[in-house]
Amino acid sequence: ATSHQQSNTKGFPSCDSPIYCEGPLLRAVQLAELFPDSKTFPTSKPVDKVLSIFDSIGGSNATKDELRVFVNENFLSAGSDLNKLNMTIPKPLPWVNEIQDDEYKNWIEYLHQAWGDLIFEFNTAGLCDGCVSSTLPAKLPFVVPGGRFREFYYWDSFFVIKGLLLSNQNELAKGMIENFLDFIQEYGFIPNGARIYYLNRSQPPFLVEMVRAYYETTGDDSFVKKALPTLDKEYTFWIGNTTVSIADSVSGKRYQLNRYNVENTSPRPESYAEDYKTAYDGTNFTTTQVIDLFSDLAAGAESGWDYSSRWSKNRIPEVGDKNGYAILRTLNTRNIVPVDLNALLWSMESNLAEWHTKYGGRSSRSAKRANYYKKQANKRLDAMEKILWNDEEHMFCDYNLTSKTQAIEFSPASMYPFWLNAIPERVKSPKHLTHVFDQVRDALSKYPGILTTSLFNTTMQWDWPNGWPPLQYITMQAMLNVDNLLNKQNHKDDTILPMMYTLAERNVATAFCSWYKTGGKIPGLLSKYPGATDDGHMFEKFDVTNIGGAGSGGEYTVQIGFGWTNGVTMWLFELFPNMTAPDCESSVTYNLS
Ligand SMILES: OC[C@H]1O[C@H](O[C@H]2O[C@H](CO)[C@@H](O)[C@H](O)[C@H]2O)[C@H](O)[C@@H](O)[C@@H]1O
């Protein structure tokens with residue numbers, strides 16, 4: 001039994017392993033900081049045996065050296081619970097042949113093959129007798145992000161699936177969606193990632209977007225129909241666990257919106273030492289403050305933006321100390337109503353309304369469900385307009401429940417409604433639509449790289465100077481959609497698509513040059529960068545202050561692989577096959593016209 005079991009949102013299964021979840025063993029091993037990265041906590045030999053050996057070395061009183069020997073003797077290496085599938089990816093597709101630039105074309109062919117390095121299945125049956133792993137069982141193969149992320153993640157998988165569909169890997173994409181549907185049946189929701197220690201939270205709800213992307217590529221409506229009852233169940237999770245009621249300051253009328261919300265009483269197992277220090281090193285927090293902090297840390301991880309100035313209780317966050325602990329102590333995640341989450345839920349409501357109408361048959365139950373979702377979507381749009389929209393800034397903002405104010409500071413989260421079309425009628429007018437990218441333009445003029453995550457330098461990874469591929473995708477999709485909405489009103493704005501093209505060029509150039517500078521080469525076309533010892537890395541995030549620099553900051557070193565970077569890069573080349581590769585050794589610039 002554990003002393004402080006991780007508590008979960010009401011009534012869902014929670015982390016209950018005496019090895020991988022809160023308890024004396026996890027605490028002792030993680031606080032001894034035996035691994036350079038807290039997430040490296042590998043497969044264990046049979047639990048009873050391991051627990052009794054842990055007791056025999058003194059349990060919580062064991063020394064660091066004793067713990068090191070204990071871990072070496074009783075745990076297998078990290079990743080031993082995975083099988084790499086070594087799938088051969090069939091030759092690339094017509095859209096790849098459209099790419100004009102030879103270096104870029106060869107690089108995309110390489111990325112297409114590189115899925116093979118990221119495709120796995122869990123292999124717990126092949127472990128030693130009685131051994132246990134922290135994996136959440138999944139029936140079908142999947143793509144992992146890469147590096148320290150040796151399991152699949154919820155929102156990452158959307159961008160991976162977009163790439164897989166472009167690589168003609170429809171079955172794999174479908175299988176990944178099926179794994180998520182199984183998770184909903186098993187746990188009532190989709191955990192952050194496929195590990196037992198992620199069972200106390202979800203991640204941004206992208207499942208409906210995945211189903212939509214799969215359907216739009218394959219036309220497989222029987223799959224949508226089959227998935228529908230499970231998608232309903234996921235919606236119930238979000239509404240039941242994350243809804244807040246907010247009074248409009250002028251009319252006093254109450255509106256319902258959603259925020260990331262996790263109840264949690266202990267450090268995140270995969271970042272144990274980090275959370276422990278944040279809560280206890282040099283602080284005199286009360287028990288209540290510590291529990292609030294652990295909950296806000298877990299809710300921050302649920303948002304996918306772990307961590308960011310967006311979740312700070314201070315409107316203008318302090319600059320972080322070296323480890324970011326000071327700023328993490330100001331987290332107020334559960335009291336921030338995020339624009340991205342609400343746009344995603346609006347899209348869930350709208351898609352479910354459409355699919356219940358289309359596939360639900362004639363039963364009055366389906367008609368009622370369709371009606372219910374339509375009403376929910378309308379109510380949410382109304383609430384987003386009243387609480388999150390800012391007329392003067394022409395911007396959707398997060399809303400801070402503590403200060404009862406909107407956060408008008410720029411972040412690409414404000415692009416989600418324009419991507420998903422969660423736009424109230426009044427906002428659809430050229431008066432607003434021609435200004436929604438003003439701050440994007442400013443940021444792209446100020447920094448030569450991809451779009452920044454915020455304007456604050458906090459040392460946290462979801463802030464300046466990092467730019468993240470998923471947020472680039474969402475911003476560019478927003479640009480396509482807004483341009484289209486303006487065209488429909490016969491309003492020409494000649495700045496949006498050129499800006500999008502520049503952003504696309506910067507995205508592919510930064511991923512290409514960082515790959516090249518870390519040793520990527522193309523036989524006969526591009527020789528290895530002088531002095532590079534590796535074979536070319538695709539990074540999870542990038543430095544917006546240049547072209548070709550990896551991102552940094554946060555609680556772990558920048559990771560490589562990388563699922564969403566590969567997916568978004570492919571998507572961009574399918575749209576713009578004419579982009580030309582830069583000379584990465586000279587200074588590369590892409591100015592806004
Ligand atoms: O181990 C620390 C945290 O790592 C994950 O977050 C980051 O990587 C994920 C996988 O690429 C990504 O989905 C997330 O947006 C990143 O911030 C994990 O999701 C966190 O829960 C975990 O605590």
# chains A, B, ... in the order shown; residues from 1 in each chain; ligands from 1

$ residues_around --residues "Phe410 of chain A" --least-positions-apart "2" --cutoff "7 Å" --atoms "only C-alpha atoms" --output "list in words"
Ile408, Pro412, Gln439, Ser454 and Leu455 of chain A

$ write_last_selection --atoms "N, CA and C atoms" --output "PDB file, in the first residue's frame"
ATOM      1  N   ILE A 408      -4.199  39.333 -22.120  1.00  0.00           N
ATOM      2  CA  ILE A 408      -4.133  39.823 -23.502  1.00  0.00           C
ATOM      3  C   ILE A 408      -2.749  39.627 -24.127  1.00  0.00           C
ATOM      4  N   PRO A 412       0.201  31.616 -29.371  1.00  0.00           N
ATOM      5  CA  PRO A 412      -0.519  30.988 -30.492  1.00  0.00           C
ATOM      6  C   PRO A 412      -1.760  30.221 -30.048  1.00  0.00           C
ATOM      7  N   GLN A 439      -0.526  40.312 -34.103  1.00  0.00           N
ATOM      8  CA  GLN A 439       0.542  39.977 -33.146  1.00  0.00           C
ATOM      9  C   GLN A 439       1.453  38.871 -33.694  1.00  0.00           C
ATOM     10  N   SER A 454       5.421  32.373 -26.659  1.00  0.00           N
ATOM     11  CA  SER A 454       4.927  33.536 -25.913  1.00  0.00           C
ATOM     12  C   SER A 454       5.994  34.610 -26.067  1.00  0.00           C
ATOM     13  N   LEU A 455       5.791  35.742 -25.406  1.00  0.00           N
ATOM     14  CA  LEU A 455       6.807  36.791 -25.499  1.00  0.00           C
ATOM     15  C   LEU A 455       7.634  36.859 -24.222  1.00  0.00           C
TER      16      LEU A 455
END

$ select_by_dssp --residues "segment 319-381 of chain A" --states "alpha helix (DSSP H)" --output "MDAnalysis selection string"
chainID A and resid 325:328 339:359 364:381

$ write_last_selection --atoms "C-alpha atoms" --output "CSV table (one decimal), in the first residue's frame"
chain,number,residue,atom,x,y,z
A,325,TYR,CA,11.4,26.6,-9.6
A,326,ALA,CA,10.4,30.2,-8.5
A,327,ILE,CA,8.0,30.7,-11.4
A,328,LEU,CA,6.6,27.2,-11.1
A,339,VAL,CA,-8.9,29.4,-25.2
A,340,ASP,CA,-7.3,26.3,-26.9
A,341,LEU,CA,-9.2,23.8,-24.7
A,342,ASN,CA,-12.5,25.6,-25.3
A,343,ALA,CA,-12.0,25.7,-29.0
A,344,LEU,CA,-11.2,22.0,-29.0
A,345,LEU,CA,-14.4,21.2,-27.0
A,346,TRP,CA,-16.5,23.4,-29.3
A,347,SER,CA,-15.1,21.3,-32.2
A,348,MET,CA,-15.9,18.1,-30.3
A,349,GLU,CA,-19.5,19.3,-29.8
A,350,SER,CA,-19.9,20.4,-33.4
A,351,ASN,CA,-18.5,17.2,-34.9
A,352,LEU,CA,-20.5,15.0,-32.5
A,353,ALA,CA,-23.7,16.9,-33.4
A,354,GLU,CA,-22.9,16.3,-37.1
A,355,TRP,CA,-22.0,12.7,-36.8
A,356,HIS,CA,-25.0,11.9,-34.6
A,357,THR,CA,-27.2,13.5,-37.2
A,358,LYS,CA,-25.5,11.6,-40.0
A,359,TYR,CA,-24.7,8.2,-38.5
A,364,SER,CA,-34.9,9.4,-31.1
A,365,ARG,CA,-31.9,8.9,-28.9
A,366,SER,CA,-29.5,9.9,-31.7
A,367,ALA,CA,-31.7,12.9,-32.6
A,368,LYS,CA,-31.6,13.9,-29.0
A,369,ARG,CA,-27.8,13.5,-28.8
A,370,ALA,CA,-27.4,15.6,-31.9
A,371,ASN,CA,-29.6,18.3,-30.5
A,372,TYR,CA,-27.8,18.3,-27.2
A,373,TYR,CA,-24.4,18.7,-28.8
A,374,LYS,CA,-25.8,21.5,-31.1
A,375,LYS,CA,-27.0,23.4,-28.0
A,376,GLN,CA,-23.8,22.8,-26.1
A,377,ALA,CA,-21.7,24.1,-29.1
A,378,ASN,CA,-24.0,27.2,-29.4
A,379,LYS,CA,-23.7,27.9,-25.6
A,380,ARG,CA,-20.0,27.5,-25.7
A,381,LEU,CA,-19.6,29.9,-28.7

$ closest_residue --among "A:Gln289, A:Gln461, A:Ser60, A:Ser157" --to "Thr565 of chain A" --atoms "only C-alpha atoms"
A:Ser157

$ residues_near_ligand --ligand "ligand 1" --cutoff "8 Å" --atoms "only C-alpha atoms and all ligand atoms" --output "JSON, numbers by chain"
{"A": [38, 39, 145, 146, 149, 152, 153, 154, 155, 156, 192, 193, 198, 203, 268, 270, 271, 298, 301, 302, 303, 304, 305, 306, 307, 461, 462, 540, 555, 556, 563, 564]}

$ select_by_dssp --residues "segment 213-456 of chain A" --states "strand (DSSP E or B)" --output "PyMOL selection string"
chain A and resi 243-247+254-258+312+331+336-337+389-390+395-396+398-400+405-407

$ residues_around --residues "Thr283 of chain A" --least-positions-apart "4" --cutoff "10 Å" --atoms "only C-alpha atoms" --output "JSON, numbers by chain"
{"A": [277, 278, 279, 290, 326, 329]}

$ residues_around --residues "Phe539 of chain A" --least-positions-apart "2" --cutoff "9 Å" --atoms "only C-alpha atoms" --output "PyMOL selection string"
chain A and resi 511+514-515+537+541-542+550-551+558-562+565

$ write_last_selection --atoms "N, CA and C atoms" --output "short mmCIF file (atom, residue, chain, number, x, y, z; two decimals), in the first residue's frame"
data_model
loop_
_atom_site.label_atom_id
_atom_site.label_comp_id
_atom_site.auth_asym_id
_atom_site.auth_seq_id
_atom_site.Cartn_x
_atom_site.Cartn_y
_atom_site.Cartn_z
N ALA A 511 13.88 23.10 -39.38
CA ALA A 511 13.98 21.66 -39.12
C ALA A 511 15.09 21.05 -39.99
N SER A 514 18.68 22.29 -38.76
CA SER A 514 19.11 21.67 -37.49
C SER A 514 19.42 20.19 -37.71
N TRP A 515 18.69 19.57 -38.61
CA TRP A 515 18.99 18.17 -38.97
C TRP A 515 20.37 18.08 -39.63
N HIS A 537 19.33 15.12 -36.50
CA HIS A 537 18.24 15.01 -35.53
C HIS A 537 17.05 15.87 -35.93
N LYS A 541 11.29 20.83 -30.61
CA LYS A 541 11.01 22.28 -30.53
C LYS A 541 12.24 23.02 -31.04
N PHE A 542 12.05 24.30 -31.40
CA PHE A 542 13.14 25.05 -32.05
C PHE A 542 13.30 26.42 -31.40
N ALA A 550 18.04 24.28 -32.18
CA ALA A 550 17.08 23.50 -31.38
C ALA A 550 16.54 24.34 -30.24
N GLY A 551 15.38 23.97 -29.71
CA GLY A 551 14.81 24.63 -28.54
C GLY A 551 15.53 24.20 -27.27
N VAL A 558 16.37 18.93 -24.65
CA VAL A 558 15.56 18.89 -25.88
C VAL A 558 15.61 17.48 -26.48
N GLN A 559 14.45 17.00 -26.90
CA GLN A 559 14.33 15.61 -27.38
C GLN A 559 14.35 15.53 -28.89
N ILE A 560 14.74 14.37 -29.37
CA ILE A 560 14.80 14.15 -30.82
C ILE A 560 13.94 12.96 -31.22
N GLY A 561 13.59 12.93 -32.49
CA GLY A 561 12.74 11.86 -33.03
C GLY A 561 12.21 12.28 -34.37
N PHE A 562 11.27 13.21 -34.49
CA PHE A 562 10.34 13.49 -33.43
C PHE A 562 8.98 13.56 -34.07
N THR A 565 7.10 16.84 -35.24
CA THR A 565 7.91 17.64 -36.16
C THR A 565 7.85 17.00 -37.56
#

$ residues_around --residues "segment 128-138 of chain A" --least-positions-apart "3" --cutoff "7 Å" --atoms "only C-alpha atoms" --output "PyMOL selection string"
chain A and resi 20+43-46+81+124+179+194-196

$ closest_residue --among "A:Glu505, A:Asp65, A:Glu151, A:Asp442" --to "Leu575 of chain A" --atoms "only C-alpha atoms"
A:Glu505

$ atom_distance --atom1 "atom CA of Leu231 of chain A" --atom2 "atom CA of Asn481 of chain A"
25.5 Å

$ atom_distance --atom1 "atom CA of Thr518 of chain A" --atom2 "atom CA of Asn86 of chain A"
23.7 Å

$ residues_around --residues "Met476 of chain A" --least-positions-apart "4" --cutoff "8 Å" --atoms "only C-alpha atoms" --output "VMD selection string"
chain A and resid 472 480 500 503 to 504

$ residues_around --residues "Val436 of chain A" --least-positions-apart "2" --cutoff "7 Å" --atoms "only C-alpha atoms" --output "JSON, numbers by chain"
{"A": [394, 395, 432, 433, 434, 438]}

$ closest_residue --among "A:Thr217, A:Ser202, A:Thr88, A:Asn490" --to "Phe237 of chain A" --atoms "only C-alpha atoms"
A:Ser202

$ closest_residue --among "A:Arg254, A:Arg441, A:Arg201, A:Arg310" --to "Trp238 of chain A" --atoms "only C-alpha atoms"
A:Arg201

$ atom_distance --atom1 "atom CA of Asn258 of chain A" --atom2 "atom CA of Pro424 of chain A"
17.6 Å

$ closest_residue --among "A:Ala413, A:Ile108, A:Val160, A:Leu26" --to "Pro577 of chain A" --atoms "only C-alpha atoms"
A:Ile108
